[in-house]
>>> print(open('entry.cif').read())   # mmCIF, C-alpha atoms
data_protein
loop_
_atom_site.label_atom_id
_atom_site.label_comp_id
_atom_site.auth_asym_id
_atom_site.auth_seq_id
_atom_site.Cartn_x
_atom_site.Cartn_y
_atom_site.Cartn_z
CA MET R 235 13.15 11.30 -15.90
CA THR R 236 13.61 7.81 -14.49
CA GLU R 237 10.73 5.81 -13.05
CA SER R 238 12.22 5.92 -9.53
CA THR R 239 12.58 9.72 -9.69
CA ARG R 240 8.98 10.09 -10.86
CA LEU R 241 7.81 7.82 -8.05
CA ARG R 242 9.73 9.82 -5.43
CA ARG R 243 8.23 13.08 -6.71
CA GLN R 244 4.70 11.67 -6.65
CA LEU R 245 5.27 10.35 -3.14
CA GLY R 246 6.62 13.73 -2.05
CA LYS R 247 3.52 15.48 -3.44
CA LEU R 248 1.26 13.05 -1.58
CA ILE R 249 3.11 13.64 1.68
CA LEU R 250 2.91 17.41 1.25
CA LEU R 251 -0.80 17.18 0.43
CA SER R 252 -1.39 15.02 3.50
CA LEU R 253 0.47 17.47 5.72
CA PHE R 254 -1.52 20.33 4.23
CA LEU R 255 -4.82 18.58 4.95
CA LEU R 256 -3.68 17.75 8.47
CA VAL R 257 -2.71 21.39 9.13
CA LEU R 258 -6.02 22.51 7.61
CA ALA R 259 -7.97 20.13 9.84
CA LEU R 260 -6.09 21.33 12.92
CA SER R 261 -6.70 24.95 11.89
CA ILE R 262 -10.44 24.33 11.61
CA PHE R 263 -10.43 22.56 14.94
CA TRP R 264 -8.47 25.46 16.49
CA THR R 265 -11.04 27.95 15.20
CA PHE R 266 -14.03 26.15 16.67
CA SER R 267 -12.49 24.63 19.80
CA LYS R 268 -9.52 26.51 21.22
CA GLN R 269 -10.26 25.01 24.62
CA SER R 270 -9.81 21.48 23.23
CA ILE R 271 -6.43 22.42 21.72
CA SER R 272 -5.43 23.90 25.06
CA ASP R 273 -6.48 20.67 26.78
CA MET R 274 -4.45 18.70 24.26
CA TRP R 275 -1.24 20.62 24.97
CA GLU R 276 -1.90 20.36 28.70
CA ALA R 277 -2.30 16.58 28.43
CA LEU R 278 0.85 16.28 26.32
CA ARG R 279 2.89 18.35 28.78
CA GLY R 280 1.70 16.16 31.64
CA ALA R 281 2.24 12.87 29.78
CA GLN R 282 4.05 10.25 31.84
CA PRO R 283 7.20 9.03 30.06
CA GLY R 284 7.18 5.68 31.89
CA TYR R 285 3.90 4.64 30.31
CA TYR R 286 5.09 5.97 26.95
CA LEU R 287 8.22 3.81 27.03
CA LEU R 288 6.15 0.78 28.00
CA ALA R 289 3.80 1.50 25.08
CA LEU R 290 6.80 1.78 22.77
CA GLY R 291 8.17 -1.55 24.00
CA CYS R 292 4.72 -3.08 23.58
CA TYR R 293 4.70 -1.99 19.94
CA PHE R 294 7.93 -3.81 19.15
CA LEU R 295 6.68 -6.81 21.13
CA SER R 296 3.67 -6.94 18.82
CA VAL R 297 6.03 -7.03 15.82
CA LEU R 298 7.76 -10.01 17.46
CA VAL R 299 4.40 -11.78 17.83
CA TRP R 300 3.71 -11.02 14.16
CA SER R 301 7.11 -12.50 13.25
CA VAL R 302 6.33 -15.70 15.16
CA ARG R 303 2.96 -15.95 13.39
CA LEU R 304 4.60 -15.58 9.99
CA GLN R 305 7.20 -18.19 10.93
CA VAL R 306 4.43 -20.65 11.86
CA THR R 307 2.71 -19.94 8.53
CA CYS R 308 6.00 -20.50 6.68
CA SER R 309 6.53 -23.86 8.39
CA VAL R 310 4.92 -25.56 5.37
CA LEU R 311 7.78 -24.36 3.16
CA GLU R 312 10.84 -26.46 2.38
CA ASN R 313 13.16 -23.65 3.47
CA PRO R 314 11.30 -21.70 6.19
CA PRO R 315 12.86 -18.36 7.21
CA SER R 316 14.31 -17.76 10.66
CA LEU R 317 12.86 -15.40 13.23
CA ARG R 318 16.08 -13.40 13.02
CA MET R 319 15.36 -12.65 9.36
CA LEU R 320 11.60 -12.15 9.73
CA TYR R 321 11.73 -9.54 12.50
CA PRO R 322 13.65 -6.84 10.53
CA THR R 323 11.70 -7.80 7.42
CA LEU R 324 8.41 -6.98 9.13
CA LEU R 325 9.77 -3.72 10.55
CA ALA R 326 10.81 -2.74 7.01
CA THR R 327 7.37 -3.85 5.84
CA ILE R 328 5.75 -1.48 8.33
CA PHE R 329 7.91 1.39 7.04
CA LEU R 330 6.81 0.72 3.46
CA ASN R 331 3.17 0.41 4.54
CA ASN R 332 3.51 3.79 6.27
CA ILE R 333 4.70 5.54 3.13
CA THR R 334 2.34 3.80 0.74
CA PRO R 335 -0.87 5.63 -0.21
CA ALA R 336 -4.19 3.90 -0.78
CA MET R 337 -4.63 0.64 1.16
CA ARG R 338 -1.00 0.70 2.45
CA VAL R 339 0.03 -2.47 0.64
CA GLY R 340 3.51 -1.46 -0.52
CA GLY R 341 5.06 -3.46 2.29
CA ASP R 342 2.55 -6.16 2.97
CA PRO R 343 2.17 -8.42 1.09
CA PHE R 344 4.43 -7.30 -1.78
CA PHE R 345 7.69 -6.40 -0.03
CA LYS R 346 7.31 -9.31 2.38
CA ALA R 347 6.90 -11.74 -0.51
CA TYR R 348 9.80 -10.08 -2.33
CA THR R 349 12.05 -10.51 0.70
CA LEU R 350 11.11 -14.17 1.17
CA HIS R 351 12.06 -14.72 -2.45
CA LYS R 352 15.35 -12.82 -2.31
CA LYS R 353 16.53 -14.05 1.08
CA GLN R 354 15.17 -17.59 1.10
CA GLY R 355 14.82 -18.41 -2.59
CA ILE R 356 11.08 -19.03 -2.22
CA SER R 357 9.08 -18.55 -5.41
CA TYR R 358 7.02 -15.38 -5.71
CA SER R 359 3.75 -17.29 -5.98
CA HIS R 360 4.52 -19.34 -2.88
CA SER R 361 5.79 -16.26 -0.99
CA MET R 362 2.65 -14.32 -1.86
CA ALA R 363 0.41 -17.23 -0.90
CA VAL R 364 2.06 -17.58 2.52
CA SER R 365 2.07 -13.80 3.02
CA ILE R 366 -1.67 -13.61 2.44
CA ALA R 367 -2.48 -16.80 4.39
CA GLU R 368 -0.99 -15.50 7.64
CA HIS R 369 -3.50 -12.60 7.67
CA PHE R 370 -6.48 -14.90 7.32
CA PHE R 371 -7.77 -14.42 10.88
CA ASP R 372 -7.12 -10.66 11.05
CA PRO R 373 -10.48 -9.51 9.62
CA LEU R 374 -12.36 -11.83 11.96
CA VAL R 375 -10.55 -10.53 15.05
CA VAL R 376 -10.75 -6.87 13.98
CA PHE R 377 -14.49 -6.87 13.28
CA SER R 378 -15.16 -8.95 16.41
CA PHE R 379 -13.29 -6.38 18.51
CA LEU R 380 -15.18 -3.53 16.85
CA PHE R 381 -18.64 -5.04 17.31
CA LEU R 382 -17.92 -6.28 20.82
CA GLY R 383 -16.63 -2.84 21.83
CA PHE R 384 -19.78 -1.07 20.69
CA LEU R 385 -21.93 -3.84 22.13
CA LEU R 386 -20.35 -3.56 25.59
CA GLY R 387 -20.20 0.22 25.44
CA TYR R 388 -23.67 1.06 24.17
CA LEU R 389 -25.89 -2.04 24.31
CA GLY R 390 -26.56 -3.42 27.75
CA ASP R 391 -29.25 -5.96 26.84
CA PRO R 392 -28.01 -9.45 27.88
CA ALA R 393 -30.04 -11.06 25.06
CA LEU R 394 -28.16 -9.00 22.47
CA ARG R 395 -24.84 -10.02 23.99
CA ILE R 396 -25.79 -13.71 23.82
CA LEU R 397 -26.89 -13.26 20.21
CA PHE R 398 -23.59 -11.60 19.39
CA LEU R 399 -21.63 -14.48 20.93
CA ILE R 400 -23.63 -17.01 18.91
CA LEU R 401 -22.97 -15.04 15.71
CA LEU R 402 -19.29 -14.77 16.61
CA VAL R 403 -18.89 -18.52 17.15
CA SER R 404 -20.75 -19.22 13.90
CA SER R 405 -18.52 -16.77 12.05
CA VAL R 406 -15.38 -18.44 13.41
CA LEU R 407 -16.55 -21.87 12.25
CA GLY R 408 -17.58 -20.56 8.84
CA TRP R 409 -14.41 -18.55 8.42
CA SER R 410 -12.26 -21.61 9.14
CA LEU R 411 -13.78 -23.42 6.15
CA LEU R 412 -13.57 -20.47 3.75
CA PRO R 413 -9.95 -20.73 2.54
CA LYS R 414 -10.19 -24.33 1.39
CA ILE R 415 -13.44 -23.59 -0.43
CA LEU R 416 -12.08 -20.49 -2.21
CA VAL R 417 -8.70 -21.96 -3.09
CA ARG R 418 -9.76 -25.44 -4.13
CA ARG R 419 -12.57 -24.09 -6.30
CA ARG R 420 -10.19 -21.55 -7.84
CA THR R 421 -12.59 -18.72 -7.00
CA GLY R 422 -11.91 -15.70 -9.20
CA MET R 423 -9.78 -17.66 -11.65
CA GLY R 424 -12.28 -17.35 -14.48
CA LEU R 425 -12.76 -13.61 -14.01
CA ALA R 426 -9.00 -12.99 -13.78
CA SER R 427 -8.42 -15.02 -16.97
CA ARG R 428 -11.02 -13.01 -18.89
CA ILE R 429 -9.52 -9.72 -17.74
CA LEU R 430 -6.00 -10.81 -18.73
CA LYS R 431 -7.20 -11.96 -22.14
CA ARG R 432 -9.02 -8.67 -22.58
CA PHE R 433 -5.75 -6.77 -22.09
CA GLY R 434 -3.68 -9.19 -24.14
CA LYS R 435 -1.92 -10.75 -21.15
CA SER R 436 -2.94 -14.37 -21.63
CA SER R 437 0.62 -15.49 -20.88
CA ALA R 438 0.14 -14.40 -17.25
CA ILE R 439 -2.75 -16.79 -16.64
CA HIS R 440 -0.40 -19.63 -15.71
CA LYS R 441 1.05 -17.43 -12.95
CA ILE R 442 -2.39 -17.08 -11.38
CA GLU R 443 -2.87 -20.83 -11.63
CA SER R 444 0.52 -21.27 -9.97
CA PHE R 445 -0.57 -18.94 -7.17
CA TYR R 446 -3.66 -21.04 -6.46
CA THR R 447 -1.58 -24.22 -6.47
CA LYS R 448 0.94 -22.74 -4.05
CA ALA R 449 -1.85 -21.28 -1.91
CA GLU R 450 -3.41 -24.74 -1.57
CA GLU R 451 -0.04 -26.13 -0.52
CA ALA R 452 0.38 -23.28 1.96
CA LEU R 453 -2.94 -23.88 3.68
CA PRO R 454 -2.00 -25.00 7.20
CA ASP R 455 -3.43 -28.09 8.83
CA TRP R 456 -5.78 -27.61 11.75
CA ARG R 457 -2.96 -27.59 14.30
CA ALA R 458 -1.10 -24.81 12.50
CA ALA R 459 -4.38 -22.96 11.95
CA ILE R 460 -5.06 -22.98 15.69
CA LYS R 461 -1.57 -21.59 16.32
CA ILE R 462 -2.02 -18.87 13.70
CA GLY R 463 -5.45 -17.96 15.09
CA ALA R 464 -4.11 -17.81 18.66
CA LEU R 465 -1.13 -15.68 17.62
CA THR R 466 -3.46 -13.35 15.71
CA LEU R 467 -5.54 -12.88 18.85
CA ILE R 468 -2.40 -12.28 20.94
CA LEU R 469 -1.19 -9.77 18.34
CA TRP R 470 -4.36 -7.67 18.57
CA LEU R 471 -4.48 -7.99 22.36
CA THR R 472 -0.94 -6.60 22.40
CA ASP R 473 -2.21 -3.64 20.39
CA MET R 474 -4.95 -3.17 22.96
CA LEU R 475 -2.35 -3.20 25.73
CA ARG R 476 -0.34 -0.52 23.90
CA LEU R 477 -3.42 1.69 23.61
CA CYS R 478 -4.15 1.12 27.29
CA LEU R 479 -0.65 2.39 28.12
CA VAL R 480 -1.10 5.36 25.77
CA VAL R 481 -4.30 6.43 27.54
CA LEU R 482 -2.65 5.96 30.94
CA SER R 483 0.26 8.13 29.76
CA VAL R 484 -2.09 11.11 29.28
CA GLY R 485 -3.60 10.66 32.73
CA TYR R 486 -6.83 8.77 32.10
CA GLN R 487 -8.08 5.28 32.98
CA PRO R 488 -9.15 3.31 29.89
CA HIS R 489 -11.90 0.70 29.88
CA LEU R 490 -12.46 -2.43 27.80
CA PRO R 491 -15.03 -1.14 25.25
CA MET R 492 -12.78 1.86 24.48
CA LEU R 493 -9.75 -0.37 23.92
CA LEU R 494 -11.68 -2.82 21.74
CA VAL R 495 -12.91 -0.07 19.41
CA THR R 496 -9.71 2.00 19.30
CA SER R 497 -7.65 -1.07 18.43
CA SER R 498 -9.92 -2.02 15.52
CA LEU R 499 -11.69 1.01 14.02
CA PRO R 500 -8.51 2.89 12.87
CA SER R 501 -7.24 -0.28 11.16
CA ILE R 502 -10.38 -0.37 9.05
CA ALA R 503 -10.52 3.39 8.44
CA GLY R 504 -6.86 3.50 7.39
CA LEU R 505 -7.60 1.22 4.45
CA PHE R 506 -9.77 3.93 2.89
CA SER R 507 -7.19 6.70 3.11
CA ILE R 508 -5.56 7.79 -0.15
CA PHE R 509 -2.64 9.21 1.85
CA PRO R 510 0.52 7.48 3.08
CA GLY R 511 0.23 5.70 6.41
CA GLY R 512 -3.54 6.11 6.47
CA LEU R 513 -3.06 9.78 7.40
CA VAL R 514 -6.16 11.77 8.36
CA PHE R 515 -8.44 8.71 8.39
CA VAL R 516 -6.52 6.88 11.13
CA GLU R 517 -6.08 10.00 13.26
CA GLY R 518 -9.69 11.06 12.78
CA SER R 519 -11.17 7.65 13.61
CA LEU R 520 -8.86 7.15 16.59
CA THR R 521 -9.70 10.57 18.06
CA LEU R 522 -13.40 9.95 17.45
CA ALA R 523 -13.28 6.54 19.14
CA PHE R 524 -11.44 7.93 22.18
CA ALA R 525 -13.98 10.75 22.47
CA LEU R 526 -17.00 8.46 22.01
CA PHE R 527 -15.86 6.33 24.92
CA GLY R 528 -15.32 9.06 27.46
CA LEU R 529 -12.11 11.00 26.83
CA PRO R 530 -12.42 14.79 26.54
CA VAL R 531 -11.75 15.86 22.95
CA GLY R 532 -8.47 17.59 23.84
CA VAL R 533 -7.20 14.54 25.71
CA ALA R 534 -8.38 12.29 22.85
CA LEU R 535 -6.26 14.37 20.46
CA ALA R 536 -3.28 14.08 22.80
CA ALA R 537 -3.67 10.29 23.06
CA THR R 538 -3.91 10.08 19.26
CA LEU R 539 -0.69 12.07 18.80
CA VAL R 540 1.11 9.89 21.35
CA GLU R 541 -0.08 6.72 19.62
CA ARG R 542 0.85 7.94 16.13
CA SER R 543 4.28 9.03 17.30
CA ILE R 544 4.87 5.33 17.98
CA SER R 545 2.95 3.56 15.21
CA LEU R 546 3.81 6.03 12.43
CA LEU R 547 6.91 8.09 13.28
CA ILE R 548 9.16 5.82 15.36
CA SER R 549 8.11 2.65 13.54
CA SER R 550 8.98 4.31 10.20
CA LEU R 551 12.40 5.42 11.40
CA VAL R 552 13.24 1.96 12.72
CA GLY R 553 11.76 0.29 9.65
CA ALA R 554 13.81 2.48 7.30
CA GLY R 555 16.94 1.39 9.17
CA CYS R 556 15.90 -2.27 8.83
CA LEU R 557 15.34 -1.78 5.12
CA GLY R 558 18.95 -0.65 4.81
CA TYR R 559 20.07 -3.55 7.01
CA LEU R 560 18.38 -6.07 4.71
CA GLY R 561 20.30 -4.57 1.77
CA LEU R 562 17.64 -5.22 -0.85
CA SER R 563 17.44 -3.33 -4.11
CA PHE R 564 14.07 -2.74 -5.73
CA LYS R 565 13.95 -4.22 -9.19
CA ALA R 566 10.88 -5.49 -10.87
CA PRO R 567 10.70 -9.29 -10.61
CA ARG R 568 10.92 -11.19 -13.87
#
>>> encode(input="entry.cif", output="structure tokens")
Amino acid sequence: MTESTRLRRQLGKLILLSLFLLVLALSIFWTFSKQSISDMWEALRGAQPGYYLLALGCYFLSVLVWSVRLQVTCSVLENPPSLRMLYPTLLATIFLNNITPAMRVGGDPFFKAYTLHKKQGISYSHSMAVSIAEHFFDPLVVFSFLFLGFLLGYLGDPALRILFLILLVSSVLGWSLLPKILVRRRTGMGLASRILKRFGKSSAIHKIESFYTKAEEALPDWRAAIKIGALTLILWLTDMLRLCLVVLSVGYQPHLPMLLVTSSLPSIAGLFSIFPGGLVFVEGSLTLAFALFGLPVGVALAATLVERSISLLISSLVGAGCLGYLGLSFKAPR
């Protein structure tokens, strides 16, 4: 049995297991809350297609913003890729993330770095460094959205809000200094070298050193960093807009705390799922967040299904087509 055949079989088993768990969860929910399931179907039948189409367009707009951010990050390279190449690359990346179990990293950063190497001739170490660098502000924005959402939704004390803003500004300033400190001090280099020596892979140490060197070269100056930070914020605000349209499509008016939490919590929860596309964890956290901020459980389920039909189903279909369009074959890099 070839390695690719074995991988496909394992992936198929994971997908079947995920579907089984999803059906099991729905069955349990049906047993204890038939009214909520009825409300879900009622909300889906009454969904407004206009808002759905706008949400779908908003999703692909967010991929365009992501492409622009990656292009800005790649501006330090000698042969930066074009937006025309990056857009289908990121759609294919999303498809591979959606079918990758555990942390969803099959597409990003690995496929993205692979594509930059194959299409632009950029070294793997430099491609990986740039691929990781463009996500630098994501954790800061995601956790800020999450905390701010709960703060606005459940904590009305003005003093706590001021304290949160002070902590947020301090975090931004500290976070901006972190990459230079970690990269220039070669943080983790010693531990990685000991692990490689332990497993008889001392020859790979120079590749890690090369990665740090390329990462230091890829660190943007303050002007590029401001652009990347602004585009990251726009990217997540676009996600918030999509969720706003999703909630409107099922007949409810969203509010800011709900949108802040629903745009951030599933992104964190999905990282802990062992199933492709963050299945179960993303749906569960998204439904929970909708319900916590005022949607009836049945309507929250409907909104979750509408959202996942875009971010999981349609994005995967389009991404699979883009993967074929790019015409890349998967061979282990030498």
>>> closest_residue(input="entry.cif", among="R:Ile356, R:Leu546, R:Leu535, R:Val310", to="Ile271 in chain R", atoms="all atoms listed in the file")
R:Leu535
>>> atom_distance(input="entry.cif", atom1="CA of Arg476 in chain R", atom2="CA of Tyr293 in chain R")
6.6 Å
>>> resolve_selection(input="entry.cif", expression="the PyMOL selection byres ((chain R and resi 294) around 12)", output="short mmCIF file (atom, residue, chain, number, x, y, z; two decimals) with C-alpha atoms, in the coordinates of the input")
data_model
loop_
_atom_site.label_atom_id
_atom_site.label_comp_id
_atom_site.auth_asym_id
_atom_site.auth_seq_id
_atom_site.Cartn_x
_atom_site.Cartn_y
_atom_site.Cartn_z
CA LEU R 287 8.22 3.81 27.03
CA LEU R 288 6.15 0.78 28.00
CA ALA R 289 3.80 1.50 25.08
CA LEU R 290 6.80 1.78 22.77
CA GLY R 291 8.17 -1.55 24.00
CA CYS R 292 4.72 -3.08 23.58
CA TYR R 293 4.70 -1.99 19.94
CA LEU R 295 6.68 -6.81 21.13
CA SER R 296 3.67 -6.94 18.82
CA VAL R 297 6.03 -7.03 15.82
CA LEU R 298 7.76 -10.01 17.46
CA VAL R 299 4.40 -11.78 17.83
CA TRP R 300 3.71 -11.02 14.16
CA SER R 301 7.11 -12.50 13.25
CA TYR R 321 11.73 -9.54 12.50
CA PRO R 322 13.65 -6.84 10.53
CA LEU R 324 8.41 -6.98 9.13
CA LEU R 325 9.77 -3.72 10.55
CA ILE R 328 5.75 -1.48 8.33
CA LEU R 469 -1.19 -9.77 18.34
CA THR R 472 -0.94 -6.60 22.40
CA ASP R 473 -2.21 -3.64 20.39
CA ARG R 476 -0.34 -0.52 23.90
CA ILE R 544 4.87 5.33 17.98
CA SER R 545 2.95 3.56 15.21
CA ILE R 548 9.16 5.82 15.36
CA SER R 549 8.11 2.65 13.54
CA VAL R 552 13.24 1.96 12.72
CA GLY R 553 11.76 0.29 9.65
#
>>> residues_around(input="entry.cif", residues="Leu490 in chain R", least_positions_apart="3", cutoff="8 Å", atoms="all atoms listed in the file", output="PyMOL selection string")
chain R and resi 383+493-494
>>> write_last_selection(input="entry.cif", atoms="C-alpha atoms", output="PDB file, in the frame of the given file")
ATOM      1  CA  GLY R 383     -16.630  -2.840  21.830  1.00  0.00           C
ATOM      2  CA  LEU R 493      -9.750  -0.370  23.920  1.00  0.00           C
ATOM      3  CA  LEU R 494     -11.680  -2.820  21.740  1.00  0.00           C
TER       4      LEU R 494
END
>>> axis_aligned_box(input="entry.cif", around="range 293-301 of chain R", padding_each_side="5 Å", output="JSON")
{"center_x": 5.8, "center_y": -7.2, "center_z": 17.2, "size_x": 14.3, "size_y": 20.5, "size_z": 17.9}
>>> residues_around(input="entry.cif", residues="range 274-279 of chain R", least_positions_apart="6", cutoff="10 Å", atoms="all atoms listed in the file", output="ChimeraX atom specification")
/R:268,483-486,530-540
>>> residues_around(input="entry.cif", residues="Thr349 in chain R", least_positions_apart="6", cutoff="12 Å", atoms="only C-alpha atoms", output="ChimeraX atom specification")
/R:315,319-324,326-327,341-343,355-358,361-362,365,557,560-565,567
>>> write_last_selection(input="entry.cif", atoms="C-alpha atoms", output="PDB file, keeping the file's coordinate frame")
ATOM      1  CA  PRO R 315      12.860 -18.360   7.210  1.00  0.00           C
ATOM      2  CA  MET R 319      15.360 -12.650   9.360  1.00  0.00           C
ATOM      3  CA  LEU R 320      11.600 -12.150   9.730  1.00  0.00           C
ATOM      4  CA  TYR R 321      11.730  -9.540  12.500  1.00  0.00           C
ATOM      5  CA  PRO R 322      13.650  -6.840  10.530  1.00  0.00           C
ATOM      6  CA  THR R 323      11.700  -7.800   7.420  1.00  0.00           C
ATOM      7  CA  LEU R 324       8.410  -6.980   9.130  1.00  0.00           C
ATOM      8  CA  ALA R 326      10.810  -2.740   7.010  1.00  0.00           C
ATOM      9  CA  THR R 327       7.370  -3.850   5.840  1.00  0.00           C
ATOM     10  CA  GLY R 341       5.060  -3.460   2.290  1.00  0.00           C
ATOM     11  CA  ASP R 342       2.550  -6.160   2.970  1.00  0.00           C
ATOM     12  CA  PRO R 343       2.170  -8.420   1.090  1.00  0.00           C
ATOM     13  CA  GLY R 355      14.820 -18.410  -2.590  1.00  0.00           C
ATOM     14  CA  ILE R 356      11.080 -19.030  -2.220  1.00  0.00           C
ATOM     15  CA  SER R 357       9.080 -18.550  -5.410  1.00  0.00           C
ATOM     16  CA  TYR R 358       7.020 -15.380  -5.710  1.00  0.00           C
ATOM     17  CA  SER R 361       5.790 -16.260  -0.990  1.00  0.00           C
ATOM     18  CA  MET R 362       2.650 -14.320  -1.860  1.00  0.00           C
ATOM     19  CA  SER R 365       2.070 -13.800   3.020  1.00  0.00           C
ATOM     20  CA  LEU R 557      15.340  -1.780   5.120  1.00  0.00           C
ATOM     21  CA  LEU R 560      18.380  -6.070   4.710  1.00  0.00           C
ATOM     22  CA  GLY R 561      20.300  -4.570   1.770  1.00  0.00           C
ATOM     23  CA  LEU R 562      17.640  -5.220  -0.850  1.00  0.00           C
ATOM     24  CA  SER R 563      17.440  -3.330  -4.110  1.00  0.00           C
ATOM     25  CA  PHE R 564      14.070  -2.740  -5.730  1.00  0.00           C
ATOM     26  CA  LYS R 565      13.950  -4.220  -9.190  1.00  0.00           C
ATOM     27  CA  PRO R 567      10.700  -9.290 -10.610  1.00  0.00           C
TER      28      PRO R 567
END
>>> resolve_selection(input="entry.cif", expression="the PyMOL selection byres ((chain R and resi 500-514) around 6)", output="count of residues only")
14
>>> atom_distance(input="entry.cif", atom1="CA of Ile460 in chain R", atom2="CA of Gln354 in chain R")
25.5 Å
>>> closest_residue(input="entry.cif", among="R:Gly528, R:Pro491, R:Pro373, R:Gly280", to="Gly463 in chain R", atoms="all atoms listed in the file")
R:Pro373
>>> atom_distance(input="entry.cif", atom1="CA of Val481 in chain R", atom2="CA of Tyr285 in chain R")
8.8 Å
>>> closest_residue(input="entry.cif", among="R:Ala367, R:Ile396, R:Ala458, R:Leu551", to="Val306 in chain R", atoms="only C-alpha atoms")
R:Ala458
>>> closest_residue(input="entry.cif", among="R:Ala281, R:Leu386, R:Leu467, R:Leu475", to="Leu374 in chain R", atoms="only C-alpha atoms")
R:Leu467
>>> resolve_selection(input="entry.cif", expression="the PyMOL selection byres ((chain R and resi 378) around 12)", output="mmCIF file with C-alpha atoms, in the frame of the given file")
data_model
loop_
_atom_site.group_PDB
_atom_site.id
_atom_site.type_symbol
_atom_site.label_atom_id
_atom_site.label_comp_id
_atom_site.auth_asym_id
_atom_site.auth_seq_id
_atom_site.Cartn_x
_atom_site.Cartn_y
_atom_site.Cartn_z
ATOM 1 C CA PHE R 371 -7.770 -14.420 10.880
ATOM 2 C CA ASP R 372 -7.120 -10.660 11.050
ATOM 3 C CA PRO R 373 -10.480 -9.510 9.620
ATOM 4 C CA LEU R 374 -12.360 -11.830 11.960
ATOM 5 C CA VAL R 375 -10.550 -10.530 15.050
ATOM 6 C CA VAL R 376 -10.750 -6.870 13.980
ATOM 7 C CA PHE R 377 -14.490 -6.870 13.280
ATOM 8 C CA PHE R 379 -13.290 -6.380 18.510
ATOM 9 C CA LEU R 380 -15.180 -3.530 16.850
ATOM 10 C CA PHE R 381 -18.640 -5.040 17.310
ATOM 11 C CA LEU R 382 -17.920 -6.280 20.820
ATOM 12 C CA GLY R 383 -16.630 -2.840 21.830
ATOM 13 C CA PHE R 384 -19.780 -1.070 20.690
ATOM 14 C CA LEU R 385 -21.930 -3.840 22.130
ATOM 15 C CA LEU R 386 -20.350 -3.560 25.590
ATOM 16 C CA PHE R 398 -23.590 -11.600 19.390
ATOM 17 C CA LEU R 399 -21.630 -14.480 20.930
ATOM 18 C CA ILE R 400 -23.630 -17.010 18.910
ATOM 19 C CA LEU R 401 -22.970 -15.040 15.710
ATOM 20 C CA LEU R 402 -19.290 -14.770 16.610
ATOM 21 C CA VAL R 403 -18.890 -18.520 17.150
ATOM 22 C CA SER R 404 -20.750 -19.220 13.900
ATOM 23 C CA SER R 405 -18.520 -16.770 12.050
ATOM 24 C CA VAL R 406 -15.380 -18.440 13.410
ATOM 25 C CA LEU R 467 -5.540 -12.880 18.850
ATOM 26 C CA TRP R 470 -4.360 -7.670 18.570
ATOM 27 C CA PRO R 491 -15.030 -1.140 25.250
ATOM 28 C CA LEU R 494 -11.680 -2.820 21.740
ATOM 29 C CA VAL R 495 -12.910 -0.070 19.410
ATOM 30 C CA SER R 497 -7.650 -1.070 18.430
ATOM 31 C CA SER R 498 -9.920 -2.020 15.520
ATOM 32 C CA LEU R 499 -11.690 1.010 14.020
#
>>> decode(input="entry.cif", residues="range 317-329 of chain R", atoms="C-alpha atoms", output="tab-separated table (two decimals), in the first residue's frame")
chain	number	residue	atom	x	y	z
R	317	LEU	CA	-2.06	39.02	-5.88
R	318	ARG	CA	-3.31	36.96	-8.81
R	319	MET	CA	-1.23	34.02	-7.62
R	320	LEU	CA	-1.83	34.50	-3.90
R	321	TYR	CA	-5.64	34.56	-4.03
R	322	PRO	CA	-6.13	31.00	-5.42
R	323	THR	CA	-3.24	29.83	-3.25
R	324	LEU	CA	-5.03	30.95	-0.10
R	325	LEU	CA	-8.32	29.42	-1.24
R	326	ALA	CA	-6.49	26.12	-1.76
R	327	THR	CA	-4.87	26.63	1.64
R	328	ILE	CA	-8.32	26.94	3.23
R	329	PHE	CA	-9.41	23.68	1.57
